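Peer 1: Once you've had a glance at the structure underneath, I'll fire off some questions.
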Amino acid sequence: MPYVNLQITKGATREQKAEIVKEFTQTLVRVLGKNPENTHIVIQEIEREDWGHAGALVADRPSNPGKA
């Protein structure tokens, strides 16, 4: 039973999340032969002020979608 926990900064649309779930599931089926009915993908959205990278909060960096 594959379980994937993806953490991203807030801002993804519902459509983007649906695409992520679909693509991750398809990859697990294709690469590992997993049953999609038993595959779980959890997306956790984190506030930009709660995410640090390279010594600074992501919220303090210029907004650049797809780079955080």
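Within each chain, counting starts at residue 1; across the structure tokens, chains are named A, B, ... in the order shown, with ligands numbered 1 upward in that order.
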Segment 6-22 of chain A: which residues within 9 Å, counting only C-alpha atoms, same-chain residues fewer than 2 positions away excluded, as an MDAnalysis selection string?

Peer 2: chainID A and resid 4 24:27 40:48 50:51 58 65 68

Peer 1: Pull the strand (DSSP E or B) assignments for segment 6-51 of chain A out of DSSP run on the backbone, and list those residues as a list in words.

Peer 2: Leu6, Gln7, Ile8, Thr9, His40, Ile41, Val42, Ile43, Gln44, Glu45 and Ile46 of chain A

Peer 1: Going by DSSP on the backbone, which bits of chain A are alpha helix (DSSP H)? Write them as number ranges by chain, please.

Peer 2: A: 14-32

Peer 1: What lies within 12 Å of Arg61 of chain A using only C-alpha atoms, ignoring chain neighbours under 5 positions off, as a short mmCIF file (atom, residue, chain, number, x, y, z; two decimals) with C-alpha atoms, in the first residue's frame?

Peer 2:
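File written: out.cif
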```
data_model
loop_
_atom_site.label_atom_id
_atom_site.label_comp_id
_atom_site.auth_asym_id
_atom_site.auth_seq_id
_atom_site.Cartn_x
_atom_site.Cartn_y
_atom_site.Cartn_z
CA ARG A 48 5.00 30.34 3.51
CA GLU A 49 5.83 31.88 6.90
CA TRP A 51 8.72 27.18 5.68
CA GLY A 52 12.41 28.01 5.75
CA HIS A 53 14.97 27.51 3.00
CA ALA A 54 18.61 28.57 2.69
CA GLY A 55 18.52 30.38 6.02
CA ALA A 56 15.40 32.47 5.41
CA LYS A 67 10.14 27.59 -6.95
CA ALA A 68 9.25 27.26 -3.25
#
```

Peer 1: State, in Å with one decimal place, the distance from atom CA of Asn5 of chain A to atom CA of Asn38 of chain A.

Peer 2: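 Computed distance, atom CA of Asn5 of chain A to atom CA of Asn38 of chain A, equals 14.6 Å.
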